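A.B. asks: To be precise about what I am sending: the file is called entry.txt and holds compact mmCIF, C-alpha atoms.
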```txt
# COMPACT_ATOMS: atom_id res chain seq x y z
CA MET A 1 -21.77 -1.93 -7.74
CA ASP A 2 -20.27 1.24 -6.31
CA GLU A 3 -21.90 4.22 -4.67
CA ASN A 4 -22.66 6.05 -7.90
CA GLU A 5 -24.09 2.97 -9.54
CA LEU A 6 -26.35 2.37 -6.57
CA ARG A 7 -27.48 5.98 -6.61
CA ASP A 8 -28.33 5.72 -10.30
CA ALA A 9 -30.03 2.37 -9.82
CA LEU A 10 -32.23 3.67 -7.02
CA HIS A 11 -33.35 6.64 -9.06
CA THR A 12 -33.97 4.49 -12.11
CA THR A 13 -35.96 2.06 -10.01
CA MET A 14 -38.20 4.80 -8.68
CA THR A 15 -38.57 6.38 -12.11
CA LEU A 16 -39.80 3.06 -13.48
CA SER A 17 -42.09 2.42 -10.56
CA HIS A 18 -45.72 3.34 -10.89
CA GLU A 19 -46.59 5.01 -7.67
CA PRO A 20 -50.07 4.68 -6.23
CA PRO A 21 -52.18 7.85 -6.07
CA PRO A 22 -51.16 10.44 -3.50
CA MET A 23 -52.13 9.70 0.06
CA ASP A 24 -55.09 11.65 1.38
CA SER A 25 -54.20 14.55 3.67
CA ALA A 26 -57.68 14.61 5.22
CA VAL A 27 -57.40 10.99 6.26
CA ALA A 28 -53.96 11.67 7.73
CA VAL A 29 -55.36 14.56 9.74
CA GLY A 30 -58.15 12.31 10.97
CA ALA A 31 -55.66 9.68 12.06
CA GLY A 32 -53.70 12.31 13.91
CA ARG A 33 -56.80 13.57 15.68
CA ARG A 34 -57.70 10.05 16.72
CA ALA A 35 -54.20 9.57 18.09
CA VAL A 36 -54.60 12.73 20.14
CA ARG A 37 -57.91 11.49 21.51
CA ARG A 38 -56.42 8.11 22.32
CA ARG A 39 -53.60 9.73 24.17
CA ALA A 40 -55.99 11.88 26.14
CA MET A 41 -58.20 8.90 26.93
CA LEU A 42 -55.23 6.87 28.07
CA ALA A 43 -53.87 9.68 30.15
CA SER A 44 -57.18 10.03 31.94
CA ALA A 45 -57.46 6.29 32.37
CA GLY A 46 -54.20 6.43 34.21
CA THR A 47 -52.96 3.00 33.38
CA ALA A 48 -49.54 2.46 31.94
CA ALA A 49 -50.59 -0.88 30.58
CA ALA A 50 -53.27 0.69 28.45
CA LEU A 51 -50.78 3.17 27.13
CA VAL A 52 -48.44 0.43 26.13
CA ALA A 53 -51.16 -1.36 24.26
CA VAL A 54 -52.62 1.45 22.25
CA THR A 55 -50.39 4.47 21.79
CA VAL A 56 -49.34 4.85 18.22
CA GLY A 57 -45.73 5.41 19.04
CA ALA A 58 -45.52 2.36 21.20
CA VAL A 59 -43.70 0.34 18.61
CA LEU A 60 -41.12 2.96 17.95
CA PRO A 61 -37.82 2.84 19.78
CA GLY A 62 -36.56 6.33 19.30
CA ARG A 63 -37.08 9.41 21.24
CA GLY A 64 -37.93 11.67 20.89
CA LEU A 65 -37.86 12.88 21.32
CA PHE A 66 -37.60 13.06 22.00
CA GLY A 67 -37.98 11.59 18.98
CA GLY A 68 -39.38 8.22 18.90
CA GLY A 69 -41.04 5.66 20.98
CA ALA A 70 -44.14 6.30 22.91
CA PRO A 71 -42.46 9.08 24.71
CA GLN A 72 -44.98 9.85 27.35
CA ASN A 73 -45.92 8.41 30.66
CA VAL A 74 -49.41 7.87 31.90
CA ALA A 75 -49.95 11.51 32.56
CA GLY A 76 -47.09 12.57 30.41
CA GLN A 77 -46.64 14.65 27.37
CA PRO A 78 -44.24 13.57 24.71
CA MET A 79 -40.72 14.77 25.08
CA PRO A 80 -39.91 17.52 22.63
CA LEU A 81 -38.49 16.69 19.27
CA SER A 82 -35.64 19.08 19.56
CA THR A 83 -34.36 18.30 22.96
CA SER A 84 -31.67 20.39 24.33
CA ALA A 85 -29.28 17.55 23.91
CA GLY A 86 -30.11 17.40 20.26
CA ALA A 87 -29.83 13.69 20.56
CA VAL A 88 -32.29 10.95 20.08
CA PRO A 89 -32.26 8.18 22.62
CA ALA A 90 -30.37 5.42 21.00
CA PRO A 91 -30.93 1.79 21.81
CA THR A 92 -27.97 -0.22 22.88
CA PRO A 93 -26.82 -2.81 20.36
CA THR A 94 -26.93 -6.33 21.65
CA ALA A 95 -23.46 -7.06 20.35
CA PRO A 96 -20.76 -5.31 18.40
CA GLY A 97 -21.86 -5.05 14.81
CA ASP A 98 -25.35 -6.23 15.59
CA VAL A 99 -27.07 -2.91 15.39
CA THR A 100 -30.30 -4.22 13.96
CA LYS A 101 -31.53 -5.60 17.28
CA PRO A 102 -31.53 -2.79 19.81
CA VAL A 103 -32.17 -3.50 23.44
CA TRP A 104 -33.53 -0.86 25.77
CA PRO A 105 -32.63 -0.60 29.45
CA THR A 106 -34.42 -2.88 31.84
CA ASP A 107 -37.69 -1.51 33.14
CA GLY A 108 -39.12 -2.02 36.61
CA SER A 109 -40.77 -5.18 35.35
CA GLY A 110 -37.39 -6.75 34.77
CA GLN A 111 -38.02 -6.67 31.04
CA PRO A 112 -36.39 -4.31 28.53
CA GLN A 113 -38.22 -1.05 28.02
CA GLN A 114 -40.30 -1.06 24.89
CA ASP A 115 -38.80 2.26 23.86
CA ALA A 116 -36.87 5.18 25.32
CA THR A 117 -39.41 5.90 28.03
CA ALA A 118 -39.30 4.16 31.39
CA ARG A 119 -42.78 3.13 32.49
CA SER A 120 -41.81 1.61 35.79
CA GLY A 121 -38.77 1.20 37.96
CA LEU A 122 -36.28 3.62 39.45
CA ARG A 123 -36.09 5.95 36.46
CA TYR A 124 -39.84 6.19 36.20
CA GLU A 125 -40.10 6.93 39.92
CA GLN A 126 -37.41 9.57 39.62
CA GLY A 127 -39.42 11.31 36.91
CA LYS A 128 -42.47 11.13 39.10
CA ARG A 129 -40.58 12.69 41.99
CA LEU A 130 -39.39 15.45 39.69
CA LEU A 131 -43.01 16.44 39.16
CA ASP A 132 -43.53 16.48 42.92
CA GLN A 133 -40.49 18.72 43.31
CA LEU A 134 -41.76 21.01 40.58
CA LEU A 135 -45.13 21.33 42.27
CA ALA A 136 -43.31 22.14 45.50
CA VAL A 137 -41.69 25.23 43.99
CA VAL A 138 -44.81 26.73 42.45
CA PRO A 139 -45.02 30.32 43.70
CA ALA A 140 -47.56 31.16 46.37
CA GLY A 141 -50.88 32.33 45.03
CA TYR A 142 -50.98 29.86 42.16
CA SER A 143 -53.06 26.71 42.08
CA THR A 144 -51.94 23.58 40.24
CA PRO A 145 -54.86 22.22 38.21
CA THR A 146 -54.98 18.65 37.02
CA GLY A 147 -56.85 17.15 34.10
CA SER A 148 -56.22 18.02 30.48
CA THR A 149 -56.24 20.96 28.10
CA ALA A 150 -58.91 21.44 25.47
CA GLU A 151 -56.80 19.33 23.11
CA GLY A 152 -56.34 16.58 25.64
CA ILE A 153 -52.83 17.42 26.78
CA PRO A 154 -52.36 16.57 30.48
CA LEU A 155 -51.93 19.57 32.73
CA GLN A 156 -49.39 17.67 34.80
CA SER A 157 -46.92 15.22 33.37
CA HIS A 158 -43.61 13.55 33.96
CA GLN A 159 -41.25 11.41 31.95
CA ALA A 160 -37.96 9.61 32.19
CA ALA A 161 -36.34 8.76 28.88
CA VAL A 162 -32.96 7.32 28.06
CA GLU A 163 -30.70 9.40 25.84
CA GLU A 164 -27.83 7.03 25.50
CA PRO A 165 -25.78 7.16 27.61
CA ALA A 166 -27.56 9.78 29.72
CA TRP A 167 -31.11 10.01 30.97
CA ALA A 168 -33.49 12.91 30.57
CA TYR A 169 -36.25 13.67 33.03
CA GLU A 170 -39.03 16.08 32.38
CA ALA A 171 -41.90 17.33 34.50
CA SER A 172 -44.51 19.86 33.55
CA ALA A 173 -47.26 21.46 35.61
CA ALA A 174 -49.95 23.95 34.74
CA ILE A 175 -50.36 26.81 37.19
CA ARG A 176 -53.46 28.95 37.55
CA ARG A 177 -54.15 32.37 38.97
CA ALA A 178 -56.91 34.95 38.49
CA GLY A 179 -58.53 33.00 35.68
CA GLY A 180 -55.30 32.59 33.73
CA THR A 181 -53.38 29.35 33.24
CA GLY A 182 -49.69 29.06 32.52
CA ARG A 183 -47.06 26.39 32.95
CA LEU A 184 -43.78 25.51 34.58
CA LEU A 185 -41.48 22.83 33.26
CA VAL A 186 -38.25 21.33 34.47
CA GLU A 187 -35.99 19.14 32.35
CA VAL A 188 -32.93 17.41 33.75
CA HIS A 189 -30.18 15.69 31.77
CA THR A 190 -27.89 13.40 33.69
CA PRO A 191 -24.09 13.32 33.25
CA GLY A 192 -22.98 11.98 29.90
CA ASN A 193 -25.14 14.37 27.93
CA LYS A 194 -23.53 16.37 25.14
CA LEU A 195 -24.86 19.76 26.14
CA SER A 196 -22.75 22.87 26.20
CA SER A 197 -20.85 24.10 29.22
CA GLU A 198 -21.30 27.74 28.28
CA PRO A 199 -24.38 29.12 30.08
CA CYS A 200 -26.03 30.94 27.18
CA ALA A 201 -25.19 28.32 24.58
CA LEU A 202 -26.75 25.84 26.96
CA ALA A 203 -29.84 27.96 27.46
CA ARG A 204 -30.36 28.70 23.79
CA ALA A 205 -30.08 25.01 22.98
CA PHE A 206 -33.22 24.25 24.96
CA TRP A 207 -35.66 22.61 22.53
CA GLY A 208 -33.72 24.42 19.81
CA MET A 209 -35.57 27.61 20.62
CA GLY A 210 -32.70 30.10 20.69
CA GLY A 211 -33.67 33.51 22.03
CA THR A 212 -32.09 36.44 23.83
CA CYS A 213 -29.92 35.20 26.66
CA GLN A 214 -28.28 36.79 29.66
CA VAL A 215 -26.12 35.28 32.36
CA GLU A 216 -27.46 35.48 35.91
CA GLN A 217 -25.17 35.03 38.87
CA VAL A 218 -26.68 32.91 41.64
CA GLY A 219 -24.13 32.77 44.40
CA ASP A 220 -21.06 31.35 42.73
CA LYS A 221 -23.04 29.80 39.93
CA ARG A 222 -23.53 31.22 36.45
CA VAL A 223 -26.95 30.52 34.97
CA GLY A 224 -27.96 31.14 31.37
CA VAL A 225 -31.44 32.64 31.08
CA VAL A 226 -33.29 33.21 27.84
CA VAL A 227 -35.36 36.24 28.71
CA LYS A 228 -37.00 36.59 25.34
CA SER A 229 -37.71 33.69 23.02
CA GLY A 230 -36.49 33.88 19.47
CA GLY A 231 -39.92 33.80 17.87
CA ASP A 232 -40.80 30.41 19.32
CA ASP A 233 -43.68 30.86 21.70
CA ARG A 234 -43.65 27.47 23.38
CA PHE A 235 -42.11 29.06 26.45
CA SER A 236 -41.71 32.67 27.54
CA GLN A 237 -38.45 32.31 29.45
CA TRP A 238 -36.15 29.56 30.63
CA ALA A 239 -33.00 29.13 32.67
CA ALA A 240 -30.21 26.60 32.23
CA TYR A 241 -27.48 25.44 34.55
CA ARG A 242 -24.82 22.79 34.19
CA TYR A 243 -23.36 21.29 37.33
CA ALA A 244 -19.70 20.37 37.58
CA ASP A 245 -20.65 16.69 37.35
CA GLY A 246 -22.33 17.33 33.99
CA THR A 247 -25.94 17.33 35.13
CA VAL A 248 -27.96 19.94 33.25
CA VAL A 249 -31.13 21.52 34.60
CA TYR A 250 -33.58 23.58 32.58
CA VAL A 251 -36.47 25.41 34.20
CA ALA A 252 -38.98 27.06 31.87
CA GLN A 253 -42.10 29.14 32.30
CA ALA A 254 -44.92 29.91 29.91
CA ARG A 255 -48.01 32.08 30.07
CA THR A 256 -50.01 29.32 28.38
CA ASP A 257 -51.02 25.90 29.63
CA SER A 258 -49.61 23.96 26.67
CA ASN A 259 -48.17 24.27 23.19
CA ALA A 260 -51.53 23.44 21.68
CA GLU A 261 -53.55 25.71 19.43
CA GLN A 262 -56.41 25.94 21.85
CA THR A 263 -55.27 26.99 25.27
CA ALA A 264 -57.05 28.29 28.31
CA THR A 265 -56.86 32.00 29.08
CA PRO A 266 -53.14 32.72 29.49
CA LEU A 267 -51.62 34.17 32.61
CA ALA A 268 -51.40 37.94 32.60
CA LYS A 269 -47.66 37.63 33.21
CA VAL A 270 -45.12 34.93 33.81
CA PRO A 271 -45.04 33.73 37.42
CA LEU A 272 -41.31 34.04 38.10
CA THR A 273 -38.85 36.87 37.81
CA VAL A 274 -35.60 36.22 35.97
CA PRO A 275 -33.61 35.88 39.22
CA GLN A 276 -36.23 33.50 40.59
CA LEU A 277 -36.08 31.43 37.42
CA ALA A 278 -32.29 31.30 37.61
CA GLY A 279 -32.50 30.35 41.27
CA LEU A 280 -34.68 27.36 40.47
CA ALA A 281 -32.21 26.13 37.87
CA VAL A 282 -29.63 25.66 40.62
CA ASP A 283 -32.12 24.30 43.16
CA SER A 284 -30.59 21.11 44.52
CA ARG A 285 -33.97 19.36 44.38
CA PHE A 286 -33.62 19.22 40.61
CA HIS A 287 -30.09 17.85 40.69
CA LEU A 288 -30.96 14.29 39.75
CA SER A 289 -28.65 11.41 39.03
CA MET B 1 -60.18 22.88 10.01
CA SER B 2 -57.92 24.46 12.61
CA GLU B 3 -54.79 26.33 11.68
CA ARG B 4 -52.77 23.41 13.02
CA ASP B 5 -54.66 20.87 10.93
CA ALA B 6 -54.36 23.02 7.84
CA ALA B 7 -50.61 23.39 8.29
CA PHE B 8 -50.24 19.67 8.93
CA ALA B 9 -52.35 18.80 5.89
CA GLU B 10 -50.28 21.12 3.74
CA TYR B 11 -47.05 19.54 4.90
CA PHE B 12 -48.49 16.05 4.43
CA ALA B 13 -49.54 16.85 0.88
CA ALA B 14 -46.12 18.24 0.11
CA ARG B 15 -43.95 15.56 1.68
CA SER B 16 -45.85 12.31 2.06
CA GLY B 17 -44.99 11.27 -1.50
CA ALA B 18 -41.26 11.60 -0.96
CA MET B 19 -41.49 9.86 2.39
CA ARG B 20 -43.50 7.06 0.81
CA ALA B 21 -40.88 6.60 -1.91
CA THR B 22 -38.19 6.28 0.73
CA ALA B 23 -40.31 3.81 2.64
CA TYR B 24 -40.92 1.84 -0.55
CA LEU B 25 -37.21 1.45 -1.18
CA LEU B 26 -36.80 0.30 2.38
CA CYS B 27 -39.54 -2.31 2.38
CA GLY B 28 -40.31 -2.96 -1.31
CA ASP B 29 -44.05 -2.86 -0.74
CA TRP B 30 -46.42 0.06 -1.27
CA HIS B 31 -48.84 -1.09 1.44
CA ARG B 32 -46.13 -1.25 4.03
CA ALA B 33 -44.64 1.98 2.74
CA GLU B 34 -47.94 3.77 3.25
CA ASP B 35 -48.31 2.32 6.71
CA LEU B 36 -44.85 3.49 7.65
CA VAL B 37 -45.67 6.93 6.33
CA GLN B 38 -48.87 6.98 8.33
CA VAL B 39 -47.03 5.98 11.50
CA ALA B 40 -44.53 8.76 10.96
CA PHE B 41 -47.10 11.45 10.21
CA THR B 42 -49.41 10.45 13.04
CA LYS B 43 -46.53 10.82 15.41
CA LEU B 44 -45.67 14.13 13.81
CA TYR B 45 -49.25 15.27 14.34
CA LEU B 46 -48.99 14.45 18.03
CA HIS B 47 -45.82 16.55 18.28
CA TRP B 48 -46.81 19.20 15.77
CA ASN B 49 -46.78 22.10 18.15
CA ARG B 50 -43.34 21.19 19.34
CA VAL B 51 -41.96 20.68 15.89
CA SER B 52 -43.12 24.05 14.73
CA ARG B 53 -39.81 25.03 13.21
CA HIS B 54 -40.25 23.84 9.69
CA GLU B 55 -36.65 22.98 9.11
CA ALA B 56 -37.14 20.30 11.76
CA LEU B 57 -40.14 18.69 10.10
CA ASP B 58 -38.34 16.65 7.47
CA PRO B 59 -35.61 15.32 9.76
CA TYR B 60 -38.14 14.43 12.42
CA THR B 61 -40.55 12.69 10.08
CA ARG B 62 -37.76 10.86 8.32
CA GLN B 63 -36.34 9.74 11.63
CA VAL B 64 -39.64 8.33 12.84
CA LEU B 65 -40.18 6.62 9.49
CA ILE B 66 -36.76 4.99 9.52
CA ARG B 67 -37.06 3.88 13.11
CA ALA B 68 -40.50 2.45 12.50
CA PHE B 69 -39.08 0.49 9.59
CA ILE B 70 -36.11 -0.81 11.55
CA ASP B 71 -38.31 -1.64 14.47
CA GLU B 72 -40.72 -3.71 12.44
CA GLY B 73 -38.43 -6.66 12.84
CA ARG B 74 -38.70 -6.46 16.57
CA TRP B 75 -42.37 -5.80 16.94
CA GLY B 76 -43.87 -7.51 13.97
CA TRP B 77 -45.97 -5.92 11.33
CA TRP B 78 -48.84 -3.94 12.71
CA ARG B 79 -51.60 -2.75 10.51
CA ARG B 80 -51.96 0.98 10.83
CA GLU B 81 -54.67 3.40 9.98
CA ARG B 82 -54.72 3.77 6.25
CA THR B 83 -54.91 6.94 4.23
CA GLN B 84 -55.71 5.04 1.09
CA GLU B 85 -59.06 3.32 1.20
CA ALA B 86 -58.87 1.49 -2.10
CA PRO B 87 -56.54 -1.47 -2.58
CA ILE B 88 -53.26 -0.24 -3.92
CA GLU B 89 -52.93 -3.05 -6.44
CA ALA B 90 -56.11 -1.90 -8.10
CA LEU B 91 -54.82 1.62 -8.44
CA ALA B 92 -51.19 1.17 -9.39
CA ALA B 93 -50.33 0.04 -12.87
CA PRO B 94 -48.41 -3.18 -13.27
CA GLU B 95 -44.71 -2.50 -13.24
CA PRO B 96 -42.56 -5.51 -13.89
CA THR B 97 -39.15 -4.49 -15.10
CA GLU B 98 -36.37 -6.93 -14.40
CA ASP B 99 -33.74 -4.48 -13.26
CA ARG B 100 -36.11 -2.73 -10.91
CA VAL B 101 -37.28 -5.97 -9.36
CA LEU B 102 -33.73 -7.22 -9.14
CA LEU B 103 -32.59 -4.20 -7.18
CA LEU B 104 -35.58 -4.29 -4.83
CA ARG B 105 -35.05 -7.97 -4.17
CA ALA B 106 -31.38 -7.41 -3.54
CA LEU B 107 -32.13 -4.54 -1.19
CA ALA B 108 -34.56 -6.75 0.68
CA GLU B 109 -31.69 -9.12 1.41
CA VAL B 110 -29.60 -6.38 3.00
CA PRO B 111 -30.05 -6.20 6.79
CA PRO B 112 -32.54 -3.45 7.70
CA ARG B 113 -30.08 -1.11 9.36
CA GLN B 114 -27.64 -1.34 6.46
CA ARG B 115 -30.52 -0.91 4.04
CA ALA B 116 -31.59 2.23 5.85
CA VAL B 117 -28.07 3.61 5.56
CA LEU B 118 -27.98 2.87 1.83
CA VAL B 119 -31.34 4.49 1.19
CA LEU B 120 -30.59 7.55 3.28
CA ARG B 121 -27.15 8.05 1.77
CA TYR B 122 -27.82 7.20 -1.88
CA TRP B 123 -31.51 7.89 -2.37
CA GLN B 124 -32.07 10.76 0.00
CA ASP B 125 -28.49 11.96 -0.52
CA LEU B 126 -28.06 12.70 3.16
CA SER B 127 -24.56 13.36 4.44
CA VAL B 128 -22.83 10.83 6.66
CA GLU B 129 -23.52 13.09 9.63
CA ALA B 130 -27.20 13.55 8.83
CA THR B 131 -27.59 9.83 8.30
CA ALA B 132 -25.93 9.19 11.64
CA ALA B 133 -28.29 11.65 13.34
CA THR B 134 -31.30 10.00 11.75
CA LEU B 135 -30.25 6.56 12.89
CA GLY B 136 -28.90 7.63 16.25
CA CYS B 137 -25.43 6.22 15.65
CA SER B 138 -21.93 7.49 14.93
CA ALA B 139 -20.59 8.66 11.60
CA GLY B 140 -18.16 5.77 11.71
CA THR B 141 -21.00 3.31 12.03
CA VAL B 142 -22.72 4.86 9.03
CA LYS B 143 -19.58 4.48 6.95
CA SER B 144 -19.06 0.88 7.95
CA GLN B 145 -22.73 0.01 7.47
CA ALA B 146 -22.72 1.64 4.04
CA ALA B 147 -19.63 -0.31 3.03
CA ARG B 148 -21.09 -3.57 4.29
CA GLY B 149 -24.43 -2.83 2.66
CA LEU B 150 -22.75 -2.15 -0.68
CA ASP B 151 -20.74 -5.34 -0.34
CA THR B 152 -23.92 -7.28 0.31
CA LEU B 153 -25.68 -5.69 -2.64
CA ARG B 154 -22.69 -6.30 -4.89
CA ALA B 155 -22.64 -9.95 -3.95
CA LEU B 156 -26.36 -10.30 -4.57
CA VAL B 157 -26.51 -8.43 -7.83
CA ALA B 158 -23.31 -9.71 -9.43
CA PRO B 159 -24.41 -13.36 -9.90
CA SER B 160 -27.58 -12.28 -11.67
CA VAL B 161 -25.70 -9.91 -13.90
CA ASN B 162 -23.06 -12.51 -14.65
CA ALA B 163 -25.69 -15.06 -15.50
CA GLU B 164 -27.21 -12.86 -18.20
```
Kindly return the structure encoded in the file as structure tokens.
C.D. replies:
Amino acid sequence: MDENELRDALHTTMTLSHEPPPMDSAVAVGAGRRAVRRRAMLASAGTAAALVAVTVGAVLPGRGLFGGGAPQNVAGQPMPLSTSAGAVPAPTPTAPGDVTKPVWPTDGSGQPQQDATARSGLRYEQGKRLLDQLLAVVPAGYSTPTGSTAEGIPLQSHQAAVEEPAWAYEASAAIRRAGGTGRLLVEVHTPGNKLSSEPCALARAFWGMGGTCQVEQVGDKRVGVVVKSGGDDRFSQWAAYRYADGTVVYVAQARTDSNAEQTATPLAKVPLTVPQLAGLAVDSRFHLS
Amino acid sequence: MSERDAAFAEYFAARSGAMRATAYLLCGDWHRAEDLVQVAFTKLYLHWNRVSRHEALDPYTRQVLIRAFIDEGRWGWWRRERTQEAPIEALAAPEPTEDRVLLLRALAEVPPRQRAVLVLRYWQDLSVEATAATLGCSAGTVKSQAARGLDTLRALVAPSVNAE
């Protein structure tokens, strides 16, 4: 059997198969809604153990991001599908050629992670600290609400996820002022990532959002800043900087509290100017290892 | 129904059948195929607002589906929320054809990762690069896994054919 014969055989097999009736979209929507509620409930419960037990994605190893896994921490949102790296965390094979039994890095428990996301240990703590650092740079005059959005998305979150061979950290915090709620997010990719070295290519790669980019000079550093999104309204603006050691930092701001359909009243304007946004991208507090 | 739910439902109606067929070739069982599809789409629903670019929907959903399938071996078979209330056996017509069963049985003998490569490359007609991206491995690994998978299939199918 060669490639063409297998291709023909697969198509013949499916042609001869009698498929069951189409799956019900309404039931799928219901399952999705329940998953959202579970995530919200678990986030509010604040126990990683509960998350491990119930979250739908818990059995999945990939990113997702990014991709797969149960890519959120207790108070965390899932990592975006289209991460800047464009890469899904890949499990490490146990042995050459044995790619069917992936093994994740060891968690703080001494056991392998159940997926790409660290739920304890040094990486988890680093993600947690990233949120603290993000909260520390919120501009004066803004409060930092906690809790969840109308759709159950946590207003503050953090995550550490392996993106073989690098790690990606993400922290997000809602910010509120004069009845409006927006959001700041920082995402850090450790050395070993495959992101671009060119400032604007790097910036436009963020979550695959593209947009209109300009280069900002911050001291001797060149920072790519997308000042206008390319039709993707998840964030209003974001800055990207790649350190000489390969570490990449993204800082993003949005006028809304989440990417959900139902958001609180948005901020009247984004909280940071373009130079301020670029300055945060080179802030040493976000230069994680 | 919200705009998000309507868009999700529309995408589900359009693509769940194709995803289920892929899952069926991977696992050889309609129940399991539907569960894998449900896992993938539930995860998609959770990420819907971040996967708003529609060209990303298929790759993302396919990736979650494949990874859920591969991961079954590690985590055991978990019963998921079903989108089909009635038993599938009662709804699907009987379908015994020797060649079809032979191929499905042979596929079932191929290691999951190799099987995924074969299905992605020769059923979904994905390129080597797209297959590698879906599985989170290198193009070289895809090529070697495809070759090994074909070798395995050839060895499994040949004796039956020769015996006829």
A.B. asks: Report, in Å with one decimal, the straight-line distance from atom CA of A:Ala264 to atom CA of A:Ser236.
C.D. replies: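 Straight-line distance from atom CA of A:Ala264 to atom CA of A:Ser236 works out to 16.0 Å.
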A.B. asks: Find the residue from A:Thr146, A:Thr13, A:Gln133, A:Asn4 that sits nearest to chain B; use only C-alpha atoms when measuring.
C.D. replies: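 Going through A:Thr146, A:Thr13, A:Gln133, A:Asn4 one by one, the smallest distance to chain B is for A:Thr13.
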A.B. asks: Looking at only C-alpha atoms, which of B:Ser2, B:Thr141, B:Thr42, B:Ser127 is the one that sits closest to chain A?
C.D. replies: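 The answer is B:Thr42, which sits nearest to chain A.
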A.B. asks: Find the residues near A:Leu184: any atom within 8 Å, counting all atoms listed in the file, skip ones fewer than 4 places away on the same chain, and give them as a PyMOL selection string.
C.D. replies: chain A and resi 134+172-175+251-254
A.B. asks: Pick the closest to chain B from A:Ala26, A:Leu267, A:Val282, A:Val248: which is it, counting only C-alpha atoms?
C.D. replies: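 Checking each candidate against chain B, we get A:Ala26 as the closest.
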A.B. asks: State, in Å with one decimal place, the distance from atom CA of A:Arg7 to atom CA of B:Ala23.
C.D. replies: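 Pair atom CA of A:Arg7 / atom CA of B:Ala23 returns 16.0 Å.
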A.B. asks: Return the single residue from A:Gly210, A:Gly246, A:Pro275, A:Gly121 that is closest to chain B, with distances computed using all atoms listed in the file.
C.D. replies: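 The closest residue to chain B is A:Gly210.
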A.B. asks: Counting all atoms listed in the file, which residue out of B:Pro59, B:Gly149, B:Gly140, B:Gly17 sits closest to B:Ala106?
C.D. replies: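 Residue with the minimum atom-to-atom distance to B:Ala106: B:Gly149.
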A.B. asks: Kindly extract all protein, DNA and RNA residues lying within 10 Å of the coordinates (-35.5, 2.8, -9.1) given in the file, considering only C-alpha atoms, and supply them as a list in words.
C.D. replies: Leu6, Arg7, Asp8, Ala9, Leu10, His11, Thr12, Thr13, Met14, Thr15, Leu16 and Ser17 of chain A; Ala21, Leu25, Asp99, Arg100, Val101, Leu103, Leu104 and Trp123 of chain B
A.B. asks: Could you write those residues out with C-alpha atoms, as an mmCIF file, in the frame of the given file?
C.D. replies:
```cif
data_model
loop_
_atom_site.group_PDB
_atom_site.id
_atom_site.type_symbol
_atom_site.label_atom_id
_atom_site.label_comp_id
_atom_site.auth_asym_id
_atom_site.auth_seq_id
_atom_site.Cartn_x
_atom_site.Cartn_y
_atom_site.Cartn_z
ATOM 1 C CA LEU A 6 -26.350 2.370 -6.570
ATOM 2 C CA ARG A 7 -27.480 5.980 -6.610
ATOM 3 C CA ASP A 8 -28.330 5.720 -10.300
ATOM 4 C CA ALA A 9 -30.030 2.370 -9.820
ATOM 5 C CA LEU A 10 -32.230 3.670 -7.020
ATOM 6 C CA HIS A 11 -33.350 6.640 -9.060
ATOM 7 C CA THR A 12 -33.970 4.490 -12.110
ATOM 8 C CA THR A 13 -35.960 2.060 -10.010
ATOM 9 C CA MET A 14 -38.200 4.800 -8.680
ATOM 10 C CA THR A 15 -38.570 6.380 -12.110
ATOM 11 C CA LEU A 16 -39.800 3.060 -13.480
ATOM 12 C CA SER A 17 -42.090 2.420 -10.560
ATOM 13 C CA ALA B 21 -40.880 6.600 -1.910
ATOM 14 C CA LEU B 25 -37.210 1.450 -1.180
ATOM 15 C CA ASP B 99 -33.740 -4.480 -13.260
ATOM 16 C CA ARG B 100 -36.110 -2.730 -10.910
ATOM 17 C CA VAL B 101 -37.280 -5.970 -9.360
ATOM 18 C CA LEU B 103 -32.590 -4.200 -7.180
ATOM 19 C CA LEU B 104 -35.580 -4.290 -4.830
ATOM 20 C CA TRP B 123 -31.510 7.890 -2.370
#
```
A.B. asks: Name the closest residue to chain A among the candidates B:Thr131, B:Gln114, B:Tyr122, B:Trp48; distances are taken between atoms, counting all atoms listed in the file.
C.D. replies: B:Tyr122
A.B. asks: Hey, can you check how far atom CA of A:Thr265 sits from atom CA of A:Arg183?
C.D. replies: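 Atom-to-atom, atom CA of A:Thr265 to atom CA of A:Arg183, that is 11.9 Å.
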A.B. asks: Generate the coordinates of N, CA and C atoms for stretch 126-131 of chain A; report them as a compact mmCIF listing (two decimals), in the frame of the given file.
C.D. replies:
```txt
# COMPACT_ATOMS: atom_id res chain seq x y z
N GLN A 126 -38.16 8.32 39.53
CA GLN A 126 -37.41 9.57 39.62
C GLN A 126 -38.13 10.68 38.84
N GLY A 127 -38.65 10.33 37.68
CA GLY A 127 -39.42 11.31 36.91
C GLY A 127 -40.66 11.76 37.66
N LYS A 128 -41.27 10.82 38.32
CA LYS A 128 -42.47 11.13 39.10
C LYS A 128 -42.12 12.09 40.25
N ARG A 129 -41.00 11.81 40.89
CA ARG A 129 -40.58 12.69 41.99
C ARG A 129 -40.24 14.09 41.48
N LEU A 130 -39.72 14.14 40.26
CA LEU A 130 -39.39 15.45 39.69
C LEU A 130 -40.65 16.31 39.59
N LEU A 131 -41.75 15.69 39.21
CA LEU A 131 -43.01 16.44 39.16
C LEU A 131 -43.39 16.92 40.55
```
